[in-house]
Amino acid sequence: MRTIRNYRGIIPAIACPFTVDHRIDEPALRKHASWLATQPGVVAVMTNGHTGEVFSLLPRERAEVTRIVADELQGRLPVVSSIVCEGTRDATEQAAMAREAGAKALDVMPPHHWLRFGFRPDHVMRYFEAIASVGLDLVAHVYPAWTRASYSSATLAELARLPAVAAFKVGQRDMNKYAADIAAIRQADASKAILTCHDEYLLASMVQGVDGALVGFATFIPSLINDLWEAVKAGDLKRAVAVQAVITPLKDAVYGGGEPTGEAHARMKMGMYLAGVLDAPTVRPPTEAPNEAEMAALRAAVAQAGLLKR
């Protein structure tokens, strides 16, 4: 039995507001989660992603973020919590903490030592099987092709055959591999949801036959991303291009023409502040706030999208 009924649509990876002294700002987090629940096309929310500055959070804080969001959204939206760990024991413990905090599914990032040392395919299967023991759906988080933590098409097909794996958050940043990986997952089990996490080129990745988007960018502009997704689903390329034209300046101001980074997440928080989505743009060190030039670009991009409130 699936622990989340529907993964097909928009799933924001939620930003985590902080107080001026860098504590989790519970009232602001509740307010933002509740706002996301009102946005069209949003089918779930993910906590503890990169956009949520997960690497700055202690394990107990990760569980606390999930508890706050799950409590706020109870009866409205299910919560997926990312598992970002270095070992199997740590991962199963944090997975159980997330379940107890109210998560209905787990987004499984690769252990980050794989980024340097790589892995064997059996490592991946054993890691996922161990986390699956907590009894929640799993979302396989697929890293860029240029990293040593990227999964082969064959490994993704094996993951698709695992009963606990319900969905894939795919972000290869290599369109040839992206297409091959989608085909491999579909062939292995066509019932598994495939969600783009290419924040920086949404339209190009949406038209590849996926089921929606699981992106940090949707914590900022969920309505625009849903508008784009609805146009793609309808086959209305003219409309999709027009929506992407509004998104692109925001994307450039946040991501700077590159992939998501800590400073990109800081720029996104500032954009959210300018748009009135968050009441404060505080990030945890060592991530740095935008400089004056970045602020000017953000203000211009938010204004052109008709979202400027501050």
# chains A, B, ... in the order shown; residues from 1 in each chain; ligands from 1

call {"tool": "select_by_dssp", "arguments": {"residues": "range 109-304 of chain A", "states": "strand (DSSP E)", "output": "list in words"}}
result
Asp137, Leu138, Val139, Ala140, His141, Val142, Val165, Ala166, Ala167, Phe168, Lys169, Val170, Ala193, Ile194, Leu195, Thr196, Gly212, Ala213, Leu214 and Val215 of chain A

call {"tool": "select_by_dssp", "arguments": {"residues": "range 60-198 of chain A", "states": "helix (DSSP H, G or I)", "output": "ChimeraX atom specification"}}
result
/A:60-72,88-101,114-117,121-132,153-160,175-188

call {"tool": "closest_atom_pairs", "arguments": {"of": "range 110-151 of chain A", "to": "range 184-205 of chain A", "cutoff": "10 Å", "atoms": "only C-alpha atoms", "output": "JSON lines"}}
result
{"residue": "A:Val139", "atom": "CA", "partner": "A:Ala193", "partner_atom": "CA", "distance": 9.1}
{"residue": "A:Ala140", "atom": "CA", "partner": "A:Ile194", "partner_atom": "CA", "distance": 9.6}
{"residue": "A:His141", "atom": "CA", "partner": "A:Cys197", "partner_atom": "CA", "distance": 9.0}
{"residue": "A:Val142", "atom": "CA", "partner": "A:Cys197", "partner_atom": "CA", "distance": 8.9}
{"residue": "A:Tyr143", "atom": "CA", "partner": "A:Cys197", "partner_atom": "CA", "distance": 9.6}
{"residue": "A:Pro144", "atom": "CA", "partner": "A:His198", "partner_atom": "CA", "distance": 9.7}

call {"tool": "write_last_selection", "arguments": {"atoms": "C-alpha atoms", "output": "compact mmCIF listing (two decimals), in the first residue's frame"}}
result
# COMPACT_ATOMS: atom_id res chain seq x y z
CA VAL A 139 11.48 8.80 -3.60
CA ALA A 140 14.81 8.16 -5.35
CA HIS A 141 16.73 11.43 -5.60
CA VAL A 142 18.84 11.29 -8.77
CA TYR A 143 21.98 13.44 -8.75
CA PRO A 144 23.60 15.14 -11.77

call {"tool": "atom_distance", "arguments": {"atom1": "CA of His32 in chain A", "atom2": "CA of Val277 in chain A"}}
result
7.2 Å

call {"tool": "closest_atom_pairs", "arguments": {"of": "range 221-263 of chain A", "to": "range 12-19 of chain A", "cutoff": "10 Å", "atoms": "only C-alpha atoms", "output": "Markdown table"}}
result
| residue | atom | partner | partner_atom | distance |
| --- | --- | --- | --- | --- |
| A:Ile221 | CA | A:Pro12 | CA | 9.3 |
| A:Pro222 | CA | A:Pro12 | CA | 7.2 |
| A:Ile225 | CA | A:Pro12 | CA | 9.9 |

call {"tool": "write_last_selection", "arguments": {"atoms": "all heavy atoms", "output": "tab-separated table (two decimals), in the first residue's frame"}}
result
chain	number	residue	atom	x	y	z
A	221	ILE	N	7.75	30.19	-6.43
A	221	ILE	CA	6.78	30.52	-7.48
A	221	ILE	C	5.93	29.30	-7.86
A	221	ILE	O	5.90	28.90	-9.02
A	221	ILE	CB	7.48	31.11	-8.73
A	221	ILE	CG1	8.62	30.20	-9.21
A	221	ILE	CG2	7.97	32.52	-8.46
A	221	ILE	CD1	9.14	30.56	-10.60
A	222	PRO	N	5.23	28.70	-6.91
A	222	PRO	CA	4.47	27.49	-7.23
A	222	PRO	C	3.41	27.69	-8.29
A	222	PRO	O	3.18	26.82	-9.15
A	222	PRO	CB	3.85	27.09	-5.89
A	222	PRO	CG	3.83	28.36	-5.09
A	222	PRO	CD	5.07	29.10	-5.50
A	225	ILE	N	4.96	27.79	-11.79
A	225	ILE	CA	5.43	26.46	-12.20
A	225	ILE	C	4.24	25.56	-12.52
A	225	ILE	O	4.28	24.78	-13.48
A	225	ILE	CB	6.34	25.86	-11.11
A	225	ILE	CG1	7.64	26.68	-11.04
A	225	ILE	CG2	6.65	24.39	-11.39
A	225	ILE	CD1	8.57	26.28	-9.92

call {"tool": "closest_atom_pairs", "arguments": {"of": "range 144-169 of chain A", "to": "range 78-102 of chain A", "cutoff": "12 Å", "atoms": "only C-alpha atoms", "output": "CSV"}}
result
residue,atom,partner,partner_atom,distance
A:Ala166,CA,A:Val80,CA,11.7
A:Ala167,CA,A:Val80,CA,11.2
A:Lys169,CA,A:Ser82,CA,11.2
